[in-house]
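Chemist: Below is input38.csv; it holds CSV, C-alpha atoms.
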```csv
chain,number,residue,atom,x,y,z
A,1,MET,CA,0.0,0.0,0.0
A,2,PRO,CA,1.5,3.4,-1.0
A,3,LYS,CA,2.5,5.7,1.8
A,4,ALA,CA,0.1,8.6,2.3
A,5,PRO,CA,1.5,12.0,1.2
A,6,MET,CA,3.1,14.0,4.1
A,7,ASP,CA,1.4,17.2,5.1
A,8,ALA,CA,3.2,20.3,6.2
A,9,ALA,CA,3.3,19.4,9.8
A,10,ASP,CA,5.0,16.0,9.0
A,11,ILE,CA,7.6,17.7,6.9
A,12,GLU,CA,8.3,20.3,9.6
A,13,ALA,CA,8.6,17.5,12.2
A,14,ASP,CA,11.1,15.6,10.0
A,15,ASP,CA,13.1,18.8,9.4
A,16,ALA,CA,13.2,19.4,13.1
A,17,ALA,CA,14.4,15.9,13.8
A,18,ASP,CA,17.1,16.1,11.2
A,19,ARG,CA,18.2,19.5,12.6
A,20,ARG,CA,18.5,17.9,16.1
A,21,VAL,CA,20.7,15.1,14.7
A,22,VAL,CA,22.9,17.6,12.9
A,23,GLU,CA,23.2,19.9,16.0
A,24,GLN,CA,24.2,16.9,18.1
A,25,GLU,CA,26.8,15.8,15.7
A,26,GLN,CA,28.0,19.4,15.3
A,27,ASP,CA,28.5,19.7,19.1
A,28,GLU,CA,30.6,16.5,19.1
A,29,ILE,CA,32.7,18.0,16.2
A,30,LYS,CA,33.1,21.2,18.1
A,31,ASP,CA,34.6,19.3,21.0
A,32,PHE,CA,37.0,17.6,18.5
A,33,VAL,CA,38.0,20.9,17.0
A,34,LYS,CA,38.7,22.4,20.4
A,35,GLY,CA,41.3,19.8,20.9
A,36,LEU,CA,43.2,20.8,17.7
A,37,SER,CA,46.2,23.1,17.8
A,38,ALA,CA,46.9,25.8,15.2
A,39,ASP,CA,49.8,23.6,14.0
A,40,ASP,CA,47.3,20.7,13.5
A,41,ILE,CA,45.2,22.8,11.1
A,42,LYS,CA,48.1,24.4,9.3
A,43,SER,CA,50.0,21.1,8.9
A,44,GLY,CA,47.0,19.1,7.9
A,45,ASN,CA,47.4,16.8,10.8
A,46,TRP,CA,43.8,17.6,11.7
A,47,PHE,CA,42.7,15.2,9.0
A,48,THR,CA,44.8,12.3,10.4
A,49,LYS,CA,43.2,12.9,13.8
A,50,LEU,CA,39.8,13.2,12.3
A,51,ALA,CA,40.0,9.9,10.4
A,52,ALA,CA,40.7,8.1,13.7
A,53,HIS,CA,38.0,10.1,15.5
A,54,ALA,CA,35.4,9.4,12.7
A,55,MET,CA,36.0,5.8,12.1
A,56,ASN,CA,37.4,3.9,15.1
A,57,SER,CA,34.3,3.6,17.2
A,58,TYR,CA,32.0,3.8,14.1
A,59,THR,CA,33.3,0.8,12.4
A,60,LYS,CA,32.9,-1.3,15.6
A,61,LYS,CA,29.2,-0.4,15.6
A,62,VAL,CA,28.3,-0.3,11.9
A,63,ASP,CA,28.5,-3.7,10.1
A,64,TRP,CA,26.3,-5.8,7.8
A,65,GLN,CA,24.2,-6.9,10.8
A,66,TYR,CA,23.6,-3.3,11.8
A,67,PHE,CA,21.9,-2.6,8.5
A,68,GLN,CA,20.1,-5.9,8.5
A,69,ASP,CA,18.5,-5.1,11.8
A,70,ARG,CA,17.2,-1.9,10.4
A,71,TYR,CA,16.4,-2.7,6.8
A,72,ALA,CA,15.7,-6.5,6.8
A,73,GLY,CA,15.0,-7.8,3.3
A,74,VAL,CA,15.6,-4.4,1.6
A,75,PRO,CA,18.0,-4.6,-1.5
A,76,ALA,CA,21.3,-2.8,-1.0
A,77,ASP,CA,20.6,-0.3,-3.8
A,78,ALA,CA,17.5,1.0,-2.1
A,79,ILE,CA,19.3,1.5,1.3
A,80,VAL,CA,22.3,3.2,-0.3
A,81,ASP,CA,20.0,5.6,-2.1
A,82,GLN,CA,18.3,6.6,1.1
A,83,ARG,CA,21.7,6.9,3.0
A,84,ILE,CA,23.0,9.2,0.3
A,85,LYS,CA,19.9,11.4,0.4
A,86,MET,CA,19.9,11.5,4.2
A,87,ALA,CA,23.6,12.5,4.3
A,88,ALA,CA,23.0,15.2,1.7
A,89,ARG,CA,20.2,16.6,3.9
A,90,TYR,CA,22.5,16.6,7.0
A,91,ALA,CA,25.3,18.3,5.0
A,92,ALA,CA,23.0,21.1,3.7
A,93,LEU,CA,21.6,21.7,7.2
A,94,GLU,CA,25.1,21.9,8.7
A,95,GLY,CA,26.2,24.2,5.9
A,96,GLY,CA,23.5,26.6,6.8
A,97,LEU,CA,24.3,26.5,10.5
A,98,SER,CA,28.0,27.0,10.0
A,99,ALA,CA,28.0,29.6,7.3
A,100,GLY,CA,26.6,32.2,9.6
A,101,ALA,CA,29.7,32.0,11.7
A,102,TYR,CA,32.1,32.5,8.7
A,103,THR,CA,34.0,35.8,8.1
A,104,ALA,CA,35.9,36.9,5.0
A,105,THR,CA,39.1,36.9,7.0
A,106,VAL,CA,39.2,33.2,7.7
A,107,ALA,CA,41.4,32.2,4.7
A,108,ALA,CA,44.0,34.8,5.8
A,109,THR,CA,43.7,33.7,9.4
A,110,ILE,CA,44.5,30.1,8.5
A,111,GLY,CA,47.6,31.2,6.7
A,112,SER,CA,49.0,32.9,9.8
A,113,LEU,CA,48.3,30.1,12.2
A,114,GLY,CA,51.1,28.8,14.4
A,115,GLY,CA,51.6,27.2,17.7
A,116,ALA,CA,50.7,24.0,19.5
A,117,SER,CA,48.1,25.3,21.8
A,118,PRO,CA,44.4,24.9,21.0
A,119,ALA,CA,43.9,28.3,22.6
A,120,THR,CA,45.9,29.9,19.7
A,121,VAL,CA,43.3,28.9,17.1
A,122,PRO,CA,41.2,32.0,16.3
A,123,ALA,CA,37.4,31.6,16.7
A,124,ALA,CA,36.9,32.3,12.9
A,125,ALA,CA,39.2,29.5,11.9
A,126,ALA,CA,37.6,27.2,14.5
A,127,SER,CA,34.2,27.9,13.0
A,128,MET,CA,35.4,26.9,9.5
A,129,MET,CA,37.1,23.8,10.9
A,130,VAL,CA,33.8,22.6,12.5
A,131,ASP,CA,32.2,22.7,9.0
A,132,VAL,CA,35.2,21.1,7.3
A,133,ALA,CA,35.5,18.3,9.9
A,134,PHE,CA,31.7,17.7,10.0
A,135,LEU,CA,31.5,17.3,6.3
A,136,SER,CA,34.6,15.2,6.1
A,137,GLN,CA,33.4,12.9,8.8
A,138,LEU,CA,29.9,12.6,7.2
A,139,GLN,CA,31.4,11.7,3.8
A,140,LEU,CA,33.9,9.2,5.2
A,141,ARG,CA,31.1,7.4,7.1
A,142,LEU,CA,28.8,7.5,4.1
A,143,ALA,CA,31.4,5.9,1.9
A,144,TYR,CA,32.0,3.3,4.6
A,145,ASP,CA,28.3,2.6,5.0
A,146,ILE,CA,28.1,2.0,1.2
A,147,SER,CA,31.0,-0.4,1.3
A,148,VAL,CA,29.3,-2.4,4.1
A,149,LEU,CA,25.9,-2.4,2.3
A,150,TYR,CA,27.5,-3.8,-0.9
A,151,ARG,CA,29.5,-6.4,1.2
A,152,VAL,CA,32.8,-5.0,0.1
A,153,PRO,CA,35.4,-5.8,2.8
A,154,LEU,CA,37.3,-2.8,4.2
A,155,ASP,CA,39.5,-2.8,7.2
A,156,VAL,CA,40.1,0.8,8.3
A,157,ASN,CA,43.1,-0.3,10.3
A,158,ASP,CA,44.8,-1.5,7.1
A,159,PRO,CA,46.6,1.6,5.5
A,160,GLU,CA,45.7,0.4,2.0
A,161,ASP,CA,42.0,0.0,2.8
A,162,LEU,CA,41.9,3.3,4.7
A,163,TRP,CA,43.5,5.2,1.8
A,164,LYS,CA,41.0,3.5,-0.6
A,165,LEU,CA,38.1,4.7,1.6
A,166,ILE,CA,39.5,8.2,1.7
A,167,ARG,CA,40.0,8.4,-2.1
A,168,VAL,CA,36.5,7.1,-2.7
A,169,ALA,CA,34.9,9.3,0.0
A,170,PHE,CA,36.4,12.5,-1.3
A,171,THR,CA,36.4,11.6,-5.0
A,172,ILE,CA,40.2,12.0,-5.1
A,173,LYS,CA,41.8,10.9,-8.4
A,174,SER,CA,45.5,10.9,-9.1
A,175,GLY,CA,46.7,14.3,-10.4
A,176,GLU,CA,43.2,15.9,-10.0
A,177,ALA,CA,43.2,19.4,-8.6
A,178,ALA,CA,40.8,20.1,-5.8
A,179,ASN,CA,39.3,23.1,-7.5
A,180,LYS,CA,38.2,21.0,-10.5
A,181,THR,CA,36.3,18.7,-8.1
A,182,VAL,CA,34.6,21.7,-6.6
A,183,VAL,CA,33.6,23.2,-9.9
A,184,LYS,CA,32.1,19.9,-11.0
A,185,ALA,CA,30.2,19.6,-7.8
A,186,VAL,CA,28.4,23.0,-7.6
A,187,PRO,CA,25.3,23.9,-9.6
A,188,ALA,CA,25.9,25.4,-13.0
A,189,LEU,CA,24.5,28.8,-11.9
A,190,VAL,CA,27.4,29.5,-9.6
A,191,ARG,CA,30.2,27.8,-11.5
A,192,PRO,CA,31.5,31.0,-13.1
A,193,LEU,CA,31.7,32.7,-9.7
A,194,VAL,CA,33.6,29.7,-8.2
A,195,LYS,CA,36.0,29.7,-11.1
A,196,ARG,CA,36.8,33.4,-10.7
A,197,PHE,CA,37.3,32.8,-7.0
A,198,TYR,CA,39.8,30.0,-7.6
A,199,SER,CA,41.7,32.1,-10.1
A,200,GLY,CA,42.6,34.6,-7.3
A,201,SER,CA,45.2,34.3,-4.5
A,202,VAL,CA,42.9,33.6,-1.6
A,203,LEU,CA,44.0,30.0,-1.4
A,204,THR,CA,47.7,30.7,-1.1
A,205,ALA,CA,47.5,30.0,2.6
A,206,GLY,CA,46.3,26.4,1.9
A,207,ARG,CA,49.2,25.4,-0.2
A,208,ALA,CA,51.2,24.3,2.8
A,209,LEU,CA,48.7,21.6,3.8
A,210,PRO,CA,49.2,17.9,2.9
A,211,VAL,CA,47.3,16.5,-0.1
A,212,VAL,CA,44.1,15.5,1.6
A,213,GLY,CA,44.0,18.4,4.0
A,214,LYS,CA,44.7,20.8,1.2
A,215,HIS,CA,42.0,19.2,-1.0
A,216,LEU,CA,39.4,19.5,1.7
A,217,LEU,CA,40.3,23.0,2.8
A,218,GLN,CA,40.2,24.3,-0.8
A,219,ARG,CA,36.9,22.6,-1.4
A,220,ASN,CA,35.3,24.4,1.6
A,221,VAL,CA,37.1,27.7,1.9
A,222,ILE,CA,35.2,29.2,-1.1
A,223,LYS,CA,32.1,29.2,1.1
A,224,ILE,CA,33.7,32.1,3.1
A,225,GLY,CA,35.5,34.0,0.5
A,226,ILE,CA,32.7,34.9,-1.9
A,227,PRO,CA,30.8,37.9,-0.6
A,228,LEU,CA,27.0,37.9,-0.2
A,229,VAL,CA,26.4,34.3,-1.1
A,230,GLY,CA,28.1,32.6,2.0
A,231,VAL,CA,25.0,30.9,3.5
A,232,PRO,CA,23.2,29.8,0.2
A,233,LEU,CA,26.5,28.6,-1.3
A,234,ALA,CA,27.5,26.7,1.8
A,235,VAL,CA,24.1,24.9,1.7
A,236,LEU,CA,24.4,24.1,-2.0
A,237,LEU,CA,28.1,23.1,-1.8
A,238,ASN,CA,27.6,20.9,1.2
A,239,ARG,CA,24.6,19.2,-0.4
A,240,TYR,CA,26.1,18.8,-3.9
A,241,THR,CA,29.6,17.6,-2.7
A,242,THR,CA,27.9,15.0,-0.5
A,243,LEU,CA,25.7,13.8,-3.3
A,244,LEU,CA,28.7,13.6,-5.5
A,245,ALA,CA,30.7,11.7,-2.9
A,246,GLY,CA,27.8,9.4,-2.3
A,247,ARG,CA,27.2,8.6,-5.9
A,248,HIS,CA,30.9,8.1,-6.5
A,249,ALA,CA,31.1,5.7,-3.6
A,250,GLN,CA,28.1,3.9,-4.9
A,251,ALA,CA,29.6,3.5,-8.3
A,252,VAL,CA,32.9,2.2,-7.0
A,253,PHE,CA,31.7,-0.2,-4.3
A,254,ARG,CA,28.7,-1.4,-6.4
A,255,ASN,CA,31.1,-2.3,-9.2
A,256,GLU,CA,33.4,-4.0,-6.8
A,257,ALA,CA,30.5,-6.0,-5.4
A,258,ARG,CA,29.7,-7.0,-8.9
A,259,VAL,CA,33.2,-8.3,-9.5
A,260,ILE,CA,33.1,-10.1,-6.1
A,261,GLU,CA,29.9,-11.7,-7.1
A,262,VAL,CA,31.5,-13.0,-10.4
A,263,ALA,CA,34.5,-14.3,-8.4
A,264,GLU,CA,32.2,-16.1,-5.9
A,265,GLY,CA,30.2,-17.7,-8.7
A,266,MET,CA,33.3,-18.9,-10.5
A,267,THR,CA,34.8,-20.3,-7.3
A,268,LYS,CA,31.6,-22.0,-6.2
A,269,ARG,CA,31.1,-23.7,-9.6
A,270,SER,CA,34.7,-24.7,-10.2
A,271,ARG,CA,35.7,-28.3,-10.0
A,272,HIS,CA,39.3,-27.4,-10.9
A,273,PRO,CA,40.1,-24.4,-8.7
A,274,GLN,CA,43.8,-24.3,-9.2
A,275,LEU,CA,43.5,-24.7,-13.0
A,276,MET,CA,40.9,-22.0,-13.0
A,277,LEU,CA,43.4,-19.5,-11.5
A,278,TRP,CA,46.0,-20.3,-14.3
A,279,VAL,CA,43.4,-20.0,-17.0
A,280,ALA,CA,42.0,-16.8,-15.6
A,281,TRP,CA,45.4,-15.2,-15.5
A,282,LEU,CA,46.2,-16.3,-19.0
A,283,VAL,CA,43.0,-14.6,-20.3
A,284,ILE,CA,43.8,-11.5,-18.4
A,285,ARG,CA,47.3,-11.3,-19.7
A,286,ALA,CA,46.2,-12.1,-23.3
A,287,ASN,CA,46.3,-8.4,-24.4
A,288,ASN,CA,49.3,-7.4,-22.2
A,289,LYS,CA,47.1,-5.0,-20.3
A,290,ILE,CA,45.4,-5.5,-16.9
A,291,ALA,CA,42.2,-3.5,-16.4
A,292,ASP,CA,41.3,-2.5,-12.8
A,293,ASP,CA,38.3,-4.9,-12.8
A,294,GLU,CA,40.5,-7.7,-14.0
A,295,ALA,CA,43.0,-7.1,-11.2
A,296,LEU,CA,40.2,-6.9,-8.7
A,297,LEU,CA,38.7,-10.2,-10.0
A,298,MET,CA,42.0,-12.0,-9.8
A,299,ARG,CA,42.6,-10.8,-6.2
A,300,HIS,CA,39.2,-12.0,-5.1
A,301,LEU,CA,39.6,-15.3,-7.0
A,302,VAL,CA,42.8,-16.1,-5.2
A,303,ARG,CA,41.3,-15.2,-1.9
A,304,LEU,CA,38.2,-17.3,-2.4
A,305,VAL,CA,40.0,-20.3,-3.8
A,306,ARG,CA,42.3,-20.2,-0.7
A,307,GLU,CA,39.3,-19.9,1.7
A,308,ARG,CA,36.9,-22.4,0.0
A,309,HIS,CA,39.3,-24.9,-1.6
A,310,GLN,CA,42.4,-24.5,0.6
A,311,VAL,CA,44.4,-24.0,-2.6
A,312,VAL,CA,47.5,-21.7,-2.5
A,313,ASP,CA,49.5,-21.7,-5.6
A,314,ASP,CA,53.0,-20.2,-4.8
A,315,GLN,CA,54.2,-20.9,-8.4
A,316,LEU,CA,51.5,-18.7,-9.8
A,317,ALA,CA,52.1,-16.0,-7.2
A,318,GLN,CA,55.8,-15.8,-8.2
A,319,LEU,CA,55.1,-15.8,-11.9
A,320,VAL,CA,56.4,-12.8,-14.0
A,321,ASP,CA,55.5,-13.9,-17.5
A,322,ILE,CA,52.8,-16.6,-18.1
A,323,ASP,CA,53.7,-19.2,-20.7
A,324,PRO,CA,50.6,-20.3,-22.6
A,325,ALA,CA,52.2,-23.7,-23.3
A,326,GLU,CA,52.4,-24.4,-19.6
A,327,VAL,CA,48.7,-23.6,-19.2
A,328,TRP,CA,47.8,-25.9,-22.1
A,329,GLU,CA,49.9,-28.7,-20.4
A,330,ARG,CA,47.9,-28.2,-17.2
A,331,VAL,CA,44.6,-28.4,-19.2
A,332,GLU,CA,45.6,-31.5,-21.0
A,333,ALA,CA,46.7,-33.2,-17.8
A,334,GLU,CA,43.1,-33.0,-16.6
A,335,SER,CA,40.4,-35.5,-17.5
A,336,GLY,CA,36.6,-35.4,-17.6
A,337,ASP,CA,34.3,-32.4,-18.0
A,338,LEU,CA,36.1,-29.0,-18.2
A,339,SER,CA,33.0,-26.9,-18.9
A,340,ASP,CA,33.6,-25.1,-15.6
A,341,ILE,CA,37.0,-23.9,-16.9
A,342,LEU,CA,35.5,-22.7,-20.2
A,343,ASP,CA,32.8,-20.9,-18.3
A,344,ALA,CA,35.4,-19.2,-16.0
A,345,ALA,CA,37.4,-18.0,-19.0
A,346,ASP,CA,34.3,-16.5,-20.6
A,347,ARG,CA,33.5,-14.6,-17.3
A,348,VAL,CA,37.0,-13.3,-16.9
A,349,ALA,CA,37.1,-12.0,-20.5
A,350,THR,CA,33.8,-10.0,-20.0
A,351,VAL,CA,34.4,-8.7,-16.5
A,352,ASP,CA,35.7,-5.4,-17.8
A,353,GLY,CA,33.5,-5.3,-20.9
A,354,ALA,CA,33.3,-7.1,-24.3
A,355,PRO,CA,36.3,-9.4,-24.9
A,356,ASP,CA,38.9,-8.2,-27.5
A,357,ALA,CA,40.4,-10.2,-30.3
A,358,ARG,CA,43.3,-11.6,-28.2
A,359,GLU,CA,41.1,-12.7,-25.4
A,360,LYS,CA,38.7,-14.4,-27.9
A,361,ALA,CA,41.7,-16.2,-29.4
A,362,VAL,CA,42.8,-17.6,-26.1
A,363,ILE,CA,39.2,-18.8,-25.3
A,364,SER,CA,38.9,-20.3,-28.7
A,365,GLU,CA,42.1,-22.3,-28.2
A,366,LEU,CA,41.0,-23.3,-24.7
A,367,ARG,CA,37.7,-24.6,-26.0
A,368,GLU,CA,39.5,-26.8,-28.6
A,369,ARG,CA,41.9,-28.2,-26.0
A,370,CYS,CA,39.1,-28.9,-23.5
A,371,LEU,CA,37.1,-30.8,-26.2
A,372,ARG,CA,40.2,-33.1,-26.7
A,373,VAL,CA,40.3,-34.0,-23.0
```
Would it be possible to restate this file's structure as C-alpha cells?
Modeler:
Amino acid sequence: MPKAPMDAADIEADDAADRRVVEQEQDEIKDFVKGLSADDIKSGNWFTKLAAHAMNSYTKKVDWQYFQDRYAGVPADAIVDQRIKMAARYAALEGGLSAGAYTATVAATIGSLGGASPATVPAAAASMMVDVAFLSQLQLRLAYDISVLYRVPLDVNDPEDLWKLIRVAFTIKSGEAANKTVVKAVPALVRPLVKRFYSGSVLTAGRALPVVGKHLLQRNVIKIGIPLVGVPLAVLLNRYTTLLAGRHAQAVFRNEARVIEVAEGMTKRSRHPQLMLWVAWLVIRANNKIADDEALLMRHLVRLVRERHQVVDDQLAQLVDIDPAEVWERVEAESGDLSDILDAADRVATVDGAPDAREKAVISELRERCLRV
C-alpha cells in the first residue's frame, strides 16, 4: 500500500528531527576541533586525527548486521540511495548552521596560524574547521556505509584499505586538482563565480597543507571568500559535494560488489580451482594489459580459492610472464568435463566489458583443447 503524502506538519517534524541530529553531531565535532592546535590545522594533521576520530568507534558499531536489523529484506541499492539522500540533507543543514559564523578573514587567518596550543586557534578559523570536519566525517562514514551495504570488505586499520576509503569518499583521483572537483560539484549557476574565486590568490594559505587536508580546505574555503552568497553557497556546496561523494562511492563499491559476485560464482562452480586460476590469469594477460576490474577479480579469485578450496599456488604468485604452453599442459593433464574452466574463461574475459580479439583467441584455443580431454 502506498504511503500517504506527508502534510506540512509532518515535513516540519522531519526537518526538526534532522536538525537535532545535525546539531548533536556538530556539538561533538566542536569538541573535537577544540582539541586541535593551530599547527594541526596548518600542517594538515587535523585530518589524520579526524580519520581516527570518525572511524574507530563507528566501524565497531556499523556492520552488515547493523543494517540488516534496520532494513531487513531491503535490497542494498535502495538502502544506499536513502543513506546518500539523508547524508546530503544533513550536509545542507550543517552548511546553513556553520556559514553564519564565517567571516571573509578566515582564509588569511589560516595562513597565519602557528603554535601547538588549541587556545591559539582563532574563533573564525575554528568555525570553519567545524564545518570542514563535520562534512569530512559525514562523507567518510557515508562511503564506509556504502561499502558495508555492498558487502565489500574494508579494514580501516589497514593503511591500503583506509586510503582507498579516503579516495572514494572525497572523489580524489591521481593528479586531480581540488578546484576541479569543486567546480564539477556545484550547480551550473554559480560555477563562473567559483572559477573566478579560484583564479585569485585567496587559497595561497592552503598550499602548505598535505594533499588531503589541502583538498578538503580548498573545497570548503570558497564558502567564506565569496561575498554575499556565503550561506546559500554553503548549503548548496555541502549538499552537492555530499551527493557527488555518495554517488561516486556507490559506483565504486557497487562495481566491486559485482566483481566479487562474479568471483564467488566462479569459485563455487569450479571443479578445478587451481587450473581456473591459471586460465583466468592467461585470459587477463592475453592483451598485455590489466584492467582495474581484472586485477580486482584476480585478487578475489585467489582469496576465495584459498578460503573455500584450501588451494594456495605459490608458483602462480611468483610468476612474472605466463607461458601459454604451460597452461595448455595443465589443461591436457586433466580428465573429464572441463566446462567449468570454459565458463570461467568467458566470465574473466567479460568482467571489464566485451572481450577483445586476443582474449577471444585464447578462449577459442582453450575450447579446442578442452574438447580433446
Chemist: Given only C-alpha atoms as the basis, pick out the residue of A:Ala357, A:Leu140, A:Val305, A:Met266 nearest to A:Lys164.
Modeler: A:Leu140
Chemist: Counting all atoms listed in the file, which residue out of A:Asp340, A:Glu329, A:Asp352, A:Asp323 sits closest to A:Lys289?
Modeler: A:Asp352
Chemist: Any idea what the distance is between atom CA of A:Gly246 and atom CA of A:Ala169?
Modeler: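 Computed distance, atom CA of A:Gly246 to atom CA of A:Ala169, equals 7.5 Å.
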Chemist: Hey, could you make a per-residue contact list for stretch 252-284 of chain A against stretch 71-82 of chain A with 12 Å as the cut-off, showing the nearest pair of atoms and its distance in Å to one decimal, counting all atoms listed in the file, sorted by chain and number, as CSV?
Modeler:
```
residue,atom,partner,partner_atom,distance
A:Phe253,CA,A:Val80,CA,10.8
A:Arg254,CA,A:Asp77,CA,8.6
A:Asn255,CA,A:Asp77,CA,12.0
A:Ala257,CA,A:Ala76,CA,10.7
```
Chemist: A:Ala51, A:Ala17, A:Leu342, A:Leu296: which is nearest A:Trp163, counting all atoms listed in the file?
Modeler: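 The closest residue to A:Trp163 is A:Ala51.
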Chemist: What does the distance from atom CA of A:Ala286 to atom CA of A:Val252 come to in Å, to one decimal?
Modeler: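 According to the coordinates, atom CA of A:Ala286 and atom CA of A:Val252 are separated by 25.4 Å.
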Chemist: So, counting only C-alpha atoms, which residue among A:Arg347, A:Lys61, A:Lys34, A:Lys85 is closest to A:Tyr240?
Modeler: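 Using only C-alpha atoms, the shortest distance to A:Tyr240 belongs to A:Lys85.
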Chemist: May I have the residues within 10 Å of stretch 306-309 of chain A as an MDAnalysis selection string, using all atoms listed in the file and disregarding those fewer than 5 positions away in the same chain?
Modeler: chainID A and resid 264 267:268 270:274 300:301
Chemist: For atom CA of A:Ala317 and atom CA of A:Ala344, determine how far apart the two atoms are, in Å to one decimal place.
Modeler: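 Atom-to-atom, atom CA of A:Ala317 and atom CA of A:Ala344 are spaced 19.1 Å apart.
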Chemist: Select, from A:Asp337, A:Asp356, A:Glu261, A:Glu160, the residue with the minimum atom-to-atom distance to A:Arg285, counting all atoms listed in the file.
Modeler: A:Asp356
Chemist: Between A:Val362, A:Leu165, A:Val312, A:Leu36, which one has atoms that come closest to A:Asn287, using only C-alpha atoms?
Modeler: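 Result for the nearest residue to A:Asn287: A:Val362.
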Chemist: With all atoms listed in the file as the counted atoms, please give the residues lying no more than 12 Å from A:Asn288, apart from itself and same-chain residues fewer than 3 positions off, as a tab-separated table (two decimals) with C-alpha atoms, in the coordinates of the input.
Modeler:
```tsv
chain	number	residue	atom	x	y	z
A	281	TRP	CA	45.40	-15.20	-15.50
A	282	LEU	CA	46.20	-16.30	-19.00
A	283	VAL	CA	43.00	-14.60	-20.30
A	284	ILE	CA	43.80	-11.50	-18.40
A	285	ARG	CA	47.30	-11.30	-19.70
A	291	ALA	CA	42.20	-3.50	-16.40
A	321	ASP	CA	55.50	-13.90	-17.50
A	322	ILE	CA	52.80	-16.60	-18.10
A	356	ASP	CA	38.90	-8.20	-27.50
A	358	ARG	CA	43.30	-11.60	-28.20
A	359	GLU	CA	41.10	-12.70	-25.40
```
Chemist: Can you sort out stretch 19-38 of chain A so it carries N, CA and C atoms, written as a PDB file, in the coordinates of the input?
Modeler:
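The file below, result_8.pdb, is the result:
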```pdb
ATOM      1  N   ARG A  19      17.435  18.366  12.044  1.00  0.00           N
ATOM      2  CA  ARG A  19      18.200  19.500  12.600  1.00  0.00           C
ATOM      3  C   ARG A  19      18.791  19.091  13.963  1.00  0.00           C
ATOM      4  N   ARG A  20      18.005  18.374  14.776  1.00  0.00           N
ATOM      5  CA  ARG A  20      18.500  17.900  16.100  1.00  0.00           C
ATOM      6  C   ARG A  20      19.689  16.996  15.942  1.00  0.00           C
ATOM      7  N   VAL A  21      19.576  16.065  14.984  1.00  0.00           N
ATOM      8  CA  VAL A  21      20.700  15.100  14.700  1.00  0.00           C
ATOM      9  C   VAL A  21      21.941  15.893  14.329  1.00  0.00           C
ATOM     10  N   VAL A  22      21.768  16.850  13.412  1.00  0.00           N
ATOM     11  CA  VAL A  22      22.900  17.600  12.900  1.00  0.00           C
ATOM     12  C   VAL A  22      23.527  18.442  14.059  1.00  0.00           C
ATOM     13  N   GLU A  23      22.693  19.067  14.857  1.00  0.00           N
ATOM     14  CA  GLU A  23      23.200  19.900  16.000  1.00  0.00           C
ATOM     15  C   GLU A  23      23.972  19.022  16.978  1.00  0.00           C
ATOM     16  N   GLN A  24      23.479  17.814  17.224  1.00  0.00           N
ATOM     17  CA  GLN A  24      24.200  16.900  18.100  1.00  0.00           C
ATOM     18  C   GLN A  24      25.538  16.510  17.585  1.00  0.00           C
ATOM     19  N   GLU A  25      25.569  16.145  16.293  1.00  0.00           N
ATOM     20  CA  GLU A  25      26.800  15.800  15.700  1.00  0.00           C
ATOM     21  C   GLU A  25      27.783  16.985  15.620  1.00  0.00           C
ATOM     22  N   GLN A  26      27.210  18.152  15.380  1.00  0.00           N
ATOM     23  CA  GLN A  26      28.000  19.400  15.300  1.00  0.00           C
ATOM     24  C   GLN A  26      28.663  19.677  16.664  1.00  0.00           C
ATOM     25  N   ASP A  27      27.904  19.439  17.733  1.00  0.00           N
ATOM     26  CA  ASP A  27      28.500  19.700  19.100  1.00  0.00           C
ATOM     27  C   ASP A  27      29.652  18.736  19.334  1.00  0.00           C
ATOM     28  N   GLU A  28      29.534  17.477  18.881  1.00  0.00           N
ATOM     29  CA  GLU A  28      30.600  16.500  19.100  1.00  0.00           C
ATOM     30  C   GLU A  28      31.864  16.968  18.243  1.00  0.00           C
ATOM     31  N   ILE A  29      31.613  17.470  17.033  1.00  0.00           N
ATOM     32  CA  ILE A  29      32.700  18.000  16.200  1.00  0.00           C
ATOM     33  C   ILE A  29      33.363  19.188  16.821  1.00  0.00           C
ATOM     34  N   LYS A  30      32.553  20.051  17.423  1.00  0.00           N
ATOM     35  CA  LYS A  30      33.100  21.200  18.100  1.00  0.00           C
ATOM     36  C   LYS A  30      34.083  20.822  19.187  1.00  0.00           C
ATOM     37  N   ASP A  31      33.718  19.776  19.955  1.00  0.00           N
ATOM     38  CA  ASP A  31      34.600  19.300  21.000  1.00  0.00           C
ATOM     39  C   ASP A  31      35.915  18.758  20.375  1.00  0.00           C
ATOM     40  N   PHE A  32      35.790  18.089  19.217  1.00  0.00           N
ATOM     41  CA  PHE A  32      37.000  17.600  18.500  1.00  0.00           C
ATOM     42  C   PHE A  32      37.864  18.739  18.072  1.00  0.00           C
ATOM     43  N   VAL A  33      37.257  19.769  17.477  1.00  0.00           N
ATOM     44  CA  VAL A  33      38.000  20.900  17.000  1.00  0.00           C
ATOM     45  C   VAL A  33      38.703  21.665  18.112  1.00  0.00           C
ATOM     46  N   LYS A  34      38.049  21.726  19.282  1.00  0.00           N
ATOM     47  CA  LYS A  34      38.700  22.400  20.400  1.00  0.00           C
ATOM     48  C   LYS A  34      39.982  21.748  20.832  1.00  0.00           C
ATOM     49  N   GLY A  35      40.116  20.474  20.541  1.00  0.00           N
ATOM     50  CA  GLY A  35      41.300  19.800  20.900  1.00  0.00           C
ATOM     51  C   GLY A  35      42.449  19.913  19.850  1.00  0.00           C
ATOM     52  N   LEU A  36      42.166  20.601  18.726  1.00  0.00           N
ATOM     53  CA  LEU A  36      43.200  20.800  17.700  1.00  0.00           C
ATOM     54  C   LEU A  36      44.029  22.010  18.017  1.00  0.00           C
ATOM     55  N   SER A  37      45.288  21.929  17.668  1.00  0.00           N
ATOM     56  CA  SER A  37      46.200  23.100  17.800  1.00  0.00           C
ATOM     57  C   SER A  37      46.211  23.812  16.448  1.00  0.00           C
ATOM     58  N   ALA A  38      46.744  25.016  16.472  1.00  0.00           N
ATOM     59  CA  ALA A  38      46.900  25.800  15.200  1.00  0.00           C
ATOM     60  C   ALA A  38      47.824  25.007  14.260  1.00  0.00           C
TER      61      ALA A  38
END
```
